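Here is the file protein.txt (compact mmCIF, C-alpha atoms and all ligand atoms).
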```
# COMPACT_ATOMS: atom_id res chain seq x y z
CA MET A 29 -90.53 -168.22 -1.09
CA GLN A 30 -90.43 -164.40 -1.28
CA LYS A 31 -92.93 -162.59 0.94
CA ASP A 32 -94.33 -160.58 -1.97
CA LEU A 33 -95.11 -163.76 -3.85
CA MET A 34 -96.88 -165.26 -0.83
CA ILE A 35 -99.04 -162.15 -0.58
CA GLU A 36 -99.74 -162.31 -4.30
CA LEU A 37 -100.87 -165.94 -4.02
CA PHE A 38 -103.11 -165.10 -1.07
CA LYS A 39 -104.70 -162.15 -2.84
CA LYS A 40 -105.40 -164.20 -5.98
CA MET A 41 -107.14 -166.86 -3.90
CA LEU A 42 -109.24 -164.16 -2.22
CA LEU A 43 -110.27 -162.73 -5.58
CA ILE A 44 -111.40 -166.17 -6.73
CA ARG A 45 -113.21 -166.98 -3.47
CA TYR A 46 -115.15 -163.69 -3.48
CA ALA A 47 -116.02 -164.09 -7.15
CA GLU A 48 -117.37 -167.58 -6.62
CA GLN A 49 -119.18 -166.93 -3.34
CA ILE A 50 -120.88 -163.78 -4.57
CA LEU A 51 -121.84 -165.39 -7.88
CA ALA A 52 -123.22 -168.41 -6.01
CA ASP A 53 -125.44 -166.06 -3.98
CA HIS A 54 -126.71 -164.39 -7.14
CA TYR A 55 -127.20 -167.78 -8.79
CA LYS A 56 -129.69 -168.65 -6.06
CA LEU A 57 -131.70 -165.59 -7.08
CA GLN A 58 -131.94 -167.07 -10.61
CA GLU A 59 -130.08 -164.13 -12.11
CA ILE A 60 -127.57 -166.46 -13.80
CA ARG A 61 -128.96 -169.15 -16.10
CA THR A 62 -125.81 -170.93 -17.34
CA PRO A 63 -124.99 -174.18 -15.52
CA VAL A 64 -122.21 -173.32 -13.08
CA HIS A 65 -119.58 -175.63 -11.57
CA PHE A 66 -118.12 -173.72 -8.66
CA GLY A 67 -114.57 -174.50 -7.53
CA ILE A 68 -114.80 -173.15 -3.98
CA GLY A 69 -112.21 -174.99 -1.90
CA GLN A 70 -109.96 -175.69 -4.89
CA GLU A 71 -108.33 -172.25 -5.28
CA ALA A 72 -104.78 -173.22 -4.31
CA SER A 73 -104.05 -175.53 -7.23
CA ALA A 74 -105.17 -172.96 -9.82
CA VAL A 75 -103.29 -170.11 -8.16
CA GLY A 76 -100.15 -172.08 -7.33
CA VAL A 77 -99.77 -173.33 -10.89
CA CYS A 78 -100.73 -170.13 -12.74
CA ALA A 79 -98.39 -167.98 -10.63
CA ALA A 80 -95.53 -170.04 -12.06
CA LEU A 81 -96.52 -169.05 -15.62
CA ARG A 82 -95.86 -166.02 -17.80
CA GLN A 83 -98.51 -164.12 -19.67
CA GLU A 84 -97.47 -165.75 -22.97
CA ASP A 85 -97.90 -169.24 -21.54
CA VAL A 86 -101.32 -170.71 -22.19
CA ILE A 87 -103.84 -172.66 -20.18
CA PHE A 88 -106.81 -174.88 -21.03
CA SER A 89 -109.43 -176.07 -18.62
CA HIS A 90 -112.59 -178.10 -18.16
CA HIS A 91 -116.07 -177.33 -16.80
CA ARG A 92 -114.78 -176.24 -13.35
CA CYS A 93 -112.74 -173.44 -14.88
CA HIS A 94 -113.46 -170.15 -13.06
CA ASN A 95 -110.47 -170.58 -10.77
CA HIS A 96 -108.08 -171.21 -13.65
CA TYR A 97 -109.40 -168.29 -15.71
CA LEU A 98 -109.00 -165.80 -12.85
CA ALA A 99 -105.71 -167.26 -11.63
CA LYS A 100 -104.16 -166.81 -15.09
CA GLY A 101 -105.27 -163.18 -15.15
CA GLY A 102 -108.55 -163.46 -17.06
CA ASP A 103 -110.59 -160.26 -16.92
CA LEU A 104 -113.01 -160.24 -13.96
CA ASN A 105 -115.68 -158.04 -15.56
CA ARG A 106 -115.81 -160.07 -18.76
CA PHE A 107 -116.04 -163.28 -16.70
CA VAL A 108 -118.96 -162.07 -14.62
CA ALA A 109 -120.71 -160.64 -17.69
CA GLU A 110 -120.33 -164.03 -19.42
CA LEU A 111 -122.11 -165.78 -16.58
CA TYR A 112 -124.84 -163.17 -16.84
CA GLY A 113 -125.14 -163.93 -20.59
CA ARG A 114 -124.27 -160.38 -21.65
CA GLU A 115 -122.69 -159.19 -24.90
CA SER A 116 -119.73 -157.84 -22.91
CA GLY A 117 -118.94 -161.35 -21.63
CA CYS A 118 -115.69 -163.03 -22.59
CA SER A 119 -117.60 -165.27 -25.04
CA GLN A 120 -120.13 -162.54 -25.85
CA GLY A 121 -122.66 -164.21 -23.60
CA ARG A 122 -122.90 -167.24 -25.89
CA GLY A 123 -120.59 -169.62 -24.00
CA GLY A 124 -121.52 -169.36 -20.34
CA SER A 125 -119.55 -170.65 -17.40
CA VAL A 126 -117.92 -173.58 -19.23
CA HIS A 127 -116.61 -171.59 -22.21
CA LEU A 128 -114.30 -168.98 -20.73
CA THR A 129 -111.55 -167.42 -22.78
CA ASP A 130 -109.17 -164.48 -22.53
CA SER A 131 -106.51 -164.54 -25.26
CA GLN A 132 -104.61 -161.59 -23.75
CA ALA A 133 -104.20 -163.47 -20.49
CA GLY A 134 -103.39 -166.78 -22.19
CA VAL A 135 -106.66 -168.50 -21.28
CA VAL A 136 -107.22 -170.18 -24.63
CA ALA A 137 -110.30 -172.28 -24.03
CA THR A 138 -112.35 -174.28 -21.57
CA SER A 139 -114.85 -177.03 -22.33
CA ALA A 140 -117.32 -179.22 -20.47
CA ILE A 141 -116.54 -182.30 -22.57
CA LEU A 142 -114.29 -184.35 -20.33
CA GLY A 143 -110.77 -184.65 -21.72
CA GLN A 144 -111.52 -182.50 -24.75
CA MET A 145 -109.02 -179.74 -24.02
CA ILE A 146 -106.16 -182.11 -23.16
CA PRO A 147 -105.10 -182.95 -26.75
CA VAL A 148 -105.64 -179.30 -27.69
CA ALA A 149 -103.15 -178.26 -25.01
CA VAL A 150 -100.75 -180.87 -26.37
CA GLY A 151 -101.21 -179.30 -29.81
CA ALA A 152 -100.44 -175.85 -28.39
CA ALA A 153 -97.27 -177.26 -26.84
CA LEU A 154 -96.32 -178.84 -30.17
CA SER A 155 -96.69 -175.45 -31.87
CA PHE A 156 -94.43 -173.84 -29.23
CA LYS A 157 -91.81 -176.49 -29.88
CA MET A 158 -92.04 -176.19 -33.68
CA ASP A 159 -91.84 -172.38 -33.47
CA LYS A 160 -88.94 -172.64 -30.99
CA LYS A 161 -90.81 -170.52 -28.45
CA PRO A 162 -89.97 -170.99 -24.75
CA ASN A 163 -93.66 -171.07 -23.79
CA VAL A 164 -95.52 -173.67 -21.79
CA ALA A 165 -99.07 -175.03 -22.11
CA VAL A 166 -101.01 -176.21 -19.07
CA THR A 167 -104.14 -178.31 -19.12
CA PHE A 168 -106.26 -178.51 -15.96
CA PHE A 169 -108.67 -181.41 -15.54
CA GLY A 170 -110.38 -183.45 -12.84
CA ASP A 171 -109.89 -187.07 -11.77
CA GLY A 172 -112.95 -187.90 -13.91
CA SER A 173 -110.93 -187.23 -17.06
CA PHE A 174 -108.75 -190.21 -16.25
CA ASP A 175 -111.73 -192.31 -17.35
CA GLU A 176 -111.35 -190.92 -20.89
CA GLY A 177 -109.11 -192.67 -23.43
CA ILE A 178 -107.91 -189.44 -25.02
CA VAL A 179 -105.91 -188.66 -21.87
CA TYR A 180 -103.64 -191.65 -22.47
CA GLU A 181 -103.10 -190.87 -26.16
CA SER A 182 -102.24 -187.29 -25.22
CA LEU A 183 -99.81 -188.30 -22.47
CA ASN A 184 -98.05 -190.74 -24.79
CA TYR A 185 -97.73 -188.30 -27.68
CA ALA A 186 -96.51 -185.47 -25.41
CA ALA A 187 -93.91 -187.82 -23.88
CA ILE A 188 -92.62 -189.07 -27.23
CA GLN A 189 -92.38 -185.54 -28.63
CA LYS A 190 -90.98 -184.11 -25.34
CA LEU A 191 -93.52 -181.31 -25.41
CA PRO A 192 -93.65 -178.33 -23.01
CA VAL A 193 -97.01 -179.24 -21.54
CA ILE A 194 -98.01 -179.66 -17.91
CA PHE A 195 -100.92 -181.95 -17.18
CA VAL A 196 -102.58 -180.84 -13.93
CA CYS A 197 -105.15 -183.17 -12.40
CA GLU A 198 -107.19 -181.64 -9.58
CA ASN A 199 -108.19 -184.78 -7.76
CA ASN A 200 -111.27 -183.90 -5.71
CA LEU A 201 -112.26 -187.55 -5.20
CA TYR A 202 -115.57 -187.39 -7.09
CA SER A 203 -116.76 -187.45 -10.68
CA THR A 204 -120.22 -185.92 -10.32
CA GLU A 205 -121.54 -188.21 -7.54
CA THR A 206 -119.28 -191.21 -8.20
CA LYS A 207 -116.45 -191.70 -5.75
CA LEU A 208 -112.92 -192.28 -6.97
CA ASP A 209 -112.43 -195.63 -5.25
CA ILE A 210 -114.99 -197.33 -7.48
CA ARG A 211 -113.43 -195.80 -10.62
CA LYS A 212 -109.83 -196.63 -9.80
CA LYS A 213 -108.46 -199.84 -8.32
CA PRO A 214 -107.73 -199.14 -4.64
CA GLY A 215 -104.01 -198.91 -3.98
CA THR A 216 -103.19 -197.71 -7.48
CA GLU A 217 -102.14 -194.12 -8.11
CA PHE A 218 -102.63 -191.73 -11.04
CA VAL A 219 -98.98 -190.71 -10.73
CA ASP A 220 -97.94 -194.33 -11.34
CA ARG A 221 -100.13 -194.58 -14.43
CA VAL A 222 -98.56 -191.44 -15.85
CA LYS A 223 -95.01 -192.49 -14.93
CA ALA A 224 -95.58 -195.53 -17.16
CA PHE A 225 -95.44 -193.13 -20.11
CA GLY A 226 -92.02 -191.93 -18.97
CA ILE A 227 -93.39 -188.63 -17.67
CA PRO A 228 -92.10 -187.12 -14.38
CA SER A 229 -95.14 -187.16 -12.08
CA TYR A 230 -95.71 -185.49 -8.73
CA LYS A 231 -98.50 -185.70 -6.16
CA VAL A 232 -98.95 -182.60 -4.03
CA ASP A 233 -101.28 -181.26 -1.34
CA GLY A 234 -103.58 -179.25 -3.60
CA ASN A 235 -104.82 -177.10 -0.70
CA ASP A 236 -101.34 -175.85 0.12
CA VAL A 237 -100.68 -173.03 -2.34
CA ILE A 238 -96.99 -172.79 -1.46
CA ALA A 239 -96.48 -176.53 -2.03
CA VAL A 240 -98.33 -176.37 -5.35
CA HIS A 241 -96.39 -173.34 -6.50
CA THR A 242 -93.06 -174.91 -5.58
CA VAL A 243 -93.65 -178.07 -7.59
CA ALA A 244 -95.32 -176.17 -10.46
CA SER A 245 -92.35 -173.80 -10.76
CA LYS A 246 -90.01 -176.78 -11.15
CA ALA A 247 -92.32 -178.29 -13.76
CA VAL A 248 -92.40 -175.03 -15.74
CA GLU A 249 -88.62 -174.75 -15.56
CA GLU A 250 -88.20 -178.31 -16.87
CA CYS A 251 -90.62 -177.63 -19.71
CA ARG A 252 -88.77 -174.45 -20.70
CA LYS A 253 -85.50 -176.42 -20.76
CA GLY A 254 -87.04 -178.92 -23.18
CA ASN A 255 -87.60 -181.59 -20.54
CA GLY A 256 -91.39 -181.65 -20.67
CA PRO A 257 -94.00 -182.92 -20.26
CA VAL A 258 -94.71 -183.05 -16.52
CA PHE A 259 -97.73 -184.36 -14.63
CA LEU A 260 -99.01 -182.88 -11.33
CA GLU A 261 -101.75 -184.38 -9.21
CA CYS A 262 -103.19 -181.86 -6.74
CA ASP A 263 -105.31 -183.43 -4.01
CA THR A 264 -108.19 -181.14 -3.16
CA TYR A 265 -111.96 -181.02 -2.62
CA ARG A 266 -114.95 -179.10 -3.98
CA TRP A 267 -117.17 -177.77 -1.23
CA LEU A 268 -120.38 -177.25 -3.19
CA GLU A 269 -122.53 -179.61 -5.22
CA HIS A 270 -121.17 -180.76 -8.60
CA VAL A 271 -123.15 -178.14 -10.51
CA GLY A 272 -124.98 -175.33 -8.76
CA PRO A 273 -124.65 -173.06 -5.74
CA TYR A 274 -125.74 -175.32 -2.86
CA PHE A 275 -124.04 -177.69 -0.46
CA ASP A 276 -125.05 -181.30 -1.17
CA TYR A 277 -126.42 -181.71 2.34
CA GLU A 278 -128.74 -178.72 1.85
CA LEU A 279 -130.38 -180.76 -0.91
CA HIS A 280 -130.34 -183.99 1.12
CA ARG A 281 -127.95 -185.76 -1.25
CA THR A 282 -126.25 -188.74 0.32
CA TYR A 283 -123.26 -189.55 -1.90
CA ARG A 284 -121.03 -187.68 0.55
CA THR A 285 -121.59 -186.57 4.12
CA GLN A 286 -121.71 -183.12 5.70
CA GLU A 287 -119.00 -184.35 8.04
CA GLU A 288 -116.66 -185.12 5.12
CA ILE A 289 -117.26 -181.68 3.64
CA GLU A 290 -116.62 -179.99 6.99
CA GLN A 291 -113.37 -181.90 7.44
CA TRP A 292 -112.14 -180.49 4.14
CA GLN A 293 -113.39 -177.02 5.05
CA GLU A 294 -111.06 -177.16 8.03
CA ARG A 295 -108.29 -177.45 5.43
CA CYS A 296 -109.50 -174.40 3.52
CA PRO A 297 -106.59 -173.23 1.32
CA ILE A 298 -107.27 -169.59 2.12
CA ALA A 299 -107.49 -170.13 5.88
CA LEU A 300 -104.23 -172.12 5.74
CA MET A 301 -102.45 -169.31 3.92
CA SER A 302 -104.00 -166.64 6.14
CA LYS A 303 -102.61 -168.44 9.19
CA HIS A 304 -99.20 -168.81 7.57
CA LEU A 305 -99.05 -165.09 6.75
CA SER A 306 -100.15 -163.91 10.18
CA GLU A 307 -98.16 -166.38 12.27
CA ASN A 308 -94.97 -165.59 10.38
CA GLY A 309 -95.47 -161.83 10.74
CA ILE A 310 -95.90 -161.34 6.98
CA VAL A 311 -99.43 -159.89 6.96
CA SER A 312 -101.42 -159.34 10.16
CA LEU A 313 -105.06 -160.42 10.35
CA THR A 314 -106.07 -156.74 10.52
CA GLU A 315 -104.23 -155.99 7.32
CA GLN A 316 -105.75 -159.07 5.70
CA GLU A 317 -109.17 -157.53 6.41
CA THR A 318 -108.34 -154.71 3.98
CA TYR A 319 -107.64 -157.28 1.25
CA HIS A 320 -110.99 -158.93 1.95
CA ALA A 321 -112.80 -155.60 1.68
CA TYR A 322 -111.04 -154.78 -1.59
CA TYR A 323 -111.83 -158.08 -3.34
CA GLU A 324 -115.41 -158.14 -2.13
CA LYS A 325 -115.88 -154.64 -3.54
CA ILE A 326 -114.41 -155.28 -6.96
CA VAL A 327 -116.49 -158.42 -7.37
CA ARG A 328 -119.69 -156.64 -6.29
CA ASP A 329 -118.87 -153.83 -8.75
CA ALA A 330 -118.37 -156.40 -11.53
CA VAL A 331 -121.77 -157.95 -10.75
CA LEU A 332 -123.45 -154.54 -10.83
CA GLN A 333 -121.79 -153.73 -14.13
CA ALA A 334 -122.89 -157.07 -15.61
CA GLN A 335 -126.47 -156.58 -14.42
CA LEU A 336 -126.58 -153.23 -16.21
CA SER A 337 -124.96 -154.48 -19.43
CA PRO A 338 -126.96 -155.16 -22.58
CA TRP A 339 -127.98 -158.62 -23.73
CA PRO A 340 -126.80 -159.82 -27.16
CA ALA A 341 -129.09 -158.45 -29.89
CA THR A 342 -131.83 -160.94 -30.76
CA GLU A 343 -130.91 -160.98 -34.47
CA ALA A 344 -127.28 -161.79 -33.58
CA ILE A 345 -127.99 -164.43 -30.95
CA LEU A 346 -126.84 -167.32 -33.17
CA ASN A 347 -123.61 -165.63 -34.28
CA ASN A 348 -120.48 -167.58 -33.34
CA ILE A 349 -122.48 -170.60 -32.17
CA TYR A 350 -121.12 -173.96 -33.33
C1 LIG B 401 -117.03 -187.06 -22.33
C2 LIG B 401 -117.93 -186.71 -21.18
N1 LIG B 401 -118.49 -187.70 -20.46
C3 LIG B 401 -119.31 -187.40 -19.43
C4 LIG B 401 -119.59 -186.10 -19.11
C5 LIG B 401 -120.53 -185.76 -17.95
N2 LIG B 401 -119.77 -185.17 -16.85
C6 LIG B 401 -119.72 -183.83 -16.68
S1 LIG B 401 -118.79 -183.38 -15.40
C7 LIG B 401 -118.46 -184.98 -15.01
C8 LIG B 401 -117.61 -185.32 -13.81
C9 LIG B 401 -116.26 -184.72 -13.90
O1 LIG B 401 -115.51 -185.04 -12.77
P1 LIG B 401 -114.02 -184.58 -12.69
O2 LIG B 401 -113.37 -184.71 -14.02
O3 LIG B 401 -113.38 -185.31 -11.57
O4 LIG B 401 -114.10 -183.04 -12.39
P2 LIG B 401 -114.85 -182.32 -11.18
O5 LIG B 401 -116.26 -182.10 -11.64
O6 LIG B 401 -114.77 -183.23 -10.02
O7 LIG B 401 -114.12 -181.05 -10.99
C10 LIG B 401 -119.09 -185.85 -15.89
C11 LIG B 401 -118.98 -187.33 -15.82
C12 LIG B 401 -118.99 -185.10 -19.90
N3 LIG B 401 -119.20 -183.81 -19.66
N4 LIG B 401 -118.15 -185.42 -20.91
```

Could the structure of this file be written out as structure tokens, please?
Ligand SMILES: Cc1ncc(C[n+]2csc(CCOP(=O)(O)OP(=O)(O)O)c2C)c(N)n1
Amino acid sequence: MQKDLMIELFKKMLLIRYAEQILADHYKLQEIRTPVHFGIGQEASAVGVCAALRQEDVIFSHHRCHNHYLAKGGDLNRFVAELYGRESGCSQGRGGSVHLTDSQAGVVATSAILGQMIPVAVGAALSFKMDKKPNVAVTFFGDGSFDEGIVYESLNYAAIQKLPVIFVCENNLYSTETKLDIRKKPGTEFVDRVKAFGIPSYKVDGNDVIAVHTVASKAVEECRKGNGPVFLECDTYRWLEHVGPYFDYELHRTYRTQEEIEQWQERCPIALMSKHLSENGIVSLTEQETYHAYYEKIVRDAVLQAQLSPWPATEAILNNIY
């Protein structure tokens, strides 16, 4: 992989991490009232996949969508303003954290209804094929979506029609507080389920941004050649509670242990990439500090701007609500 690309991937992950951490801090102050599903710890899958896409490619996502929105180039200020419920937000303050969109960047839609965006992404891919456009659609979802029937209909239709769509499952082992091994027969794999539809399926370390990007680039290439769809399973882990800014152990929840969380924190995707860059003489730790300072500043500026932005007008509050 080219050095410039590695640096780009690292910087994108830093942007996302600072955005999420700073917003989590402000959430605790009750400044943000939308429910928020933070994706801290899961940055590499979003960044690795989106860096393989062009602007005209499109993505769809689920409730844990901040990473995907920012990785695809969604506007930072409009994202932060949306969480603050302001008119300048990407959904004019009406959608909140689970309804992010940026048509310029190719972030079409996100939704908290599990599986809902998957057939929509398949439809986008069908339109690319019918219009003979070389574009690709990506749909990000969690392991919980595999419990929804629509996933299987979508996989089958995409396979039959050979659509340019990439199904990306971020497997973080939990659906809210329910562990994967009681939702899936032990010993069975999602990749094997998807292969049964005749779809090339790959399992990758979702905390290794280089590994994700390598496999995602091949998937995109195959889709552009008319050999889609492709399925990617990225193994990863969310650090914070399912919804909200705290660690589960801070709230004395017992469905997973502090020890388990800390083990995954040791495999932080940003720390792994930081080490790779410094140990290979690509970017020294001192130089990395300047990146940290830059991303922290632009996120803090975006928060300040959102705090000062006007709310939607009361008489227009129900506009564009469905
Ligand atoms: C159709 C539907 N059923 C149930 C829910 C409630 N629900 C919201 S998030 C969630 C868990 C999702 O887990 P997963 O898909 O693995 O994503 P993660 O939250 O782990 O990123 C559930 C069951 C929902 N939003 N939609």

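Among the candidates A:Ala330, A:Leu128, A:Ile227, A:Leu268, the one nearest to Glu110 in chain A when counting only C-alpha atoms is A:Leu128.
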
>> Any residue with an atom at most 8 Å from ligand LIG 401 (chain B) counts, using all atoms listed in the file. Which are they? Put them as a list of chain:residue names.
In response: A:His65, A:Gly67, A:His90, A:His91, A:Arg92, A:Ala140, A:Ile141, A:Leu142, A:Gly143, A:Gln144, A:Phe169, A:Gly170, A:Asp171, A:Gly172, A:Ser173, A:Phe174, A:Glu176, A:Glu198, A:Asn199, A:Asn200, A:Leu201, A:Tyr202, A:Ser203, A:Thr204, A:Glu205, A:Arg266, A:His270

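Neighbours of Lys157 in chain A closer than or equal to 12 Å, with all atoms listed in the file counted and sequence neighbours fewer than 2 positions away skipped, come out as A:Val150, A:Gly151, A:Ala152, A:Ala153, A:Leu154, A:Ser155, A:Asp159, A:Lys160, A:Lys161, A:Pro162, A:Asn163, A:Val164, A:Ala165, A:Ala186, A:Gln189, A:Lys190, A:Leu191, A:Pro192, A:Val193, A:Cys251, A:Arg252, A:Lys253, A:Gly254, A:Asn255, A:Gly256, A:Pro257.
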
>> Neighbouring residues of Arg284 in chain A were defined as those with any atom within 9 Å, considering only C-alpha atoms; residues of the same chain fewer than 6 positions away were excluded. Please report them as a list of chain:residue names.
In response: A:Glu205, A:Lys207, A:Asp276, A:Tyr277

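Restricting the calculation to all atoms listed in the file, the smallest distance between His54 in chain A and any of A:Gln335, A:Ser116, A:Gln293, A:Ser131 is found for A:Gln335.
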
> Please, which residues are within 9 Å of (-94.8, -181.6, -13.3) by the file's coordinates, counting all atoms listed in the file, and could they come as a PyMOL selection string?
Replying inline: chain A and resi 193-196+227-230+243-248+250-251+256-261

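CA of Val166 in chain A sits 6.6 Å away from CA of Ala149 in chain A.
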
>> One number please: CA of Val126 in chain A to CA of Val331 in chain A, in Å, one decimal.
In response: 18.2 Å

>> Which polymer residues, whether protein, DNA or RNA, lie within 10 Å of the coordinate (-113.1, -165.9, -3.4) when you count all atoms listed in the file? List them as a ChimeraX atom specification, using the chain letters and numbers from the file.
In response: /A:39-51,67-69,71,95,298,320,323-324,327

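Counting from CA of Val240 in chain A, the distance to CA of Val77 in chain A is 6.5 Å.
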
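Restricting the calculation to only C-alpha atoms, the smallest distance between Leu208 in chain A and any of A:Leu305, A:Tyr283, A:Lys231, A:Gln333 is found for A:Tyr283.
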
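The shell of residues at most 9 Å from Leu111 in chain A, with all atoms listed in the file counted and near chain neighbours (fewer than 3 positions) removed, consists of A:Leu51, A:Ile60, A:Arg61, A:Thr62, A:Pro63, A:Val64, A:Arg106, A:Phe107, A:Val108, A:Arg114, A:Gly117, A:Gly121, A:Gly123, A:Gly124, A:Ser125, A:Ala334.
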
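The smallest atom-to-atom distance between Gln70 in chain A and any of A:Cys93, A:Ile238, A:Val311, A:Ala341, using only C-alpha atoms, is found for A:Cys93.
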
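With all atoms listed in the file as the atoms that count, the residue of A:Gly76, A:Gly134, A:Pro273, A:Gly113 with the shortest distance to Tyr97 in chain A is A:Gly134.
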
Padding 4 Å on every side, please: axis-aligned box over the listed atoms of range 228-236 of chain A, centre and edge lengths to one decimal in Å, as AutoDock Vina command-line options.
```
--center_x -98.5 --center_y -181.5 --center_z -7.1 --size_x 20.7 --size_y 19.3 --size_z 22.5
```

> Which one of A:Glu269, A:Glu84, A:Glu36, A:Asp175 sits closest to Ala52 in chain A if you count only C-alpha atoms?
Replying inline: A:Glu269

>> List the spatial neighbours of Met29 in chain A as a PyMOL selection string - criterion: any atom at most 10 Å away, only C-alpha atoms, same-chain residues fewer than 5 positions off excluded.
In response: chain A and resi 34+238+241-242
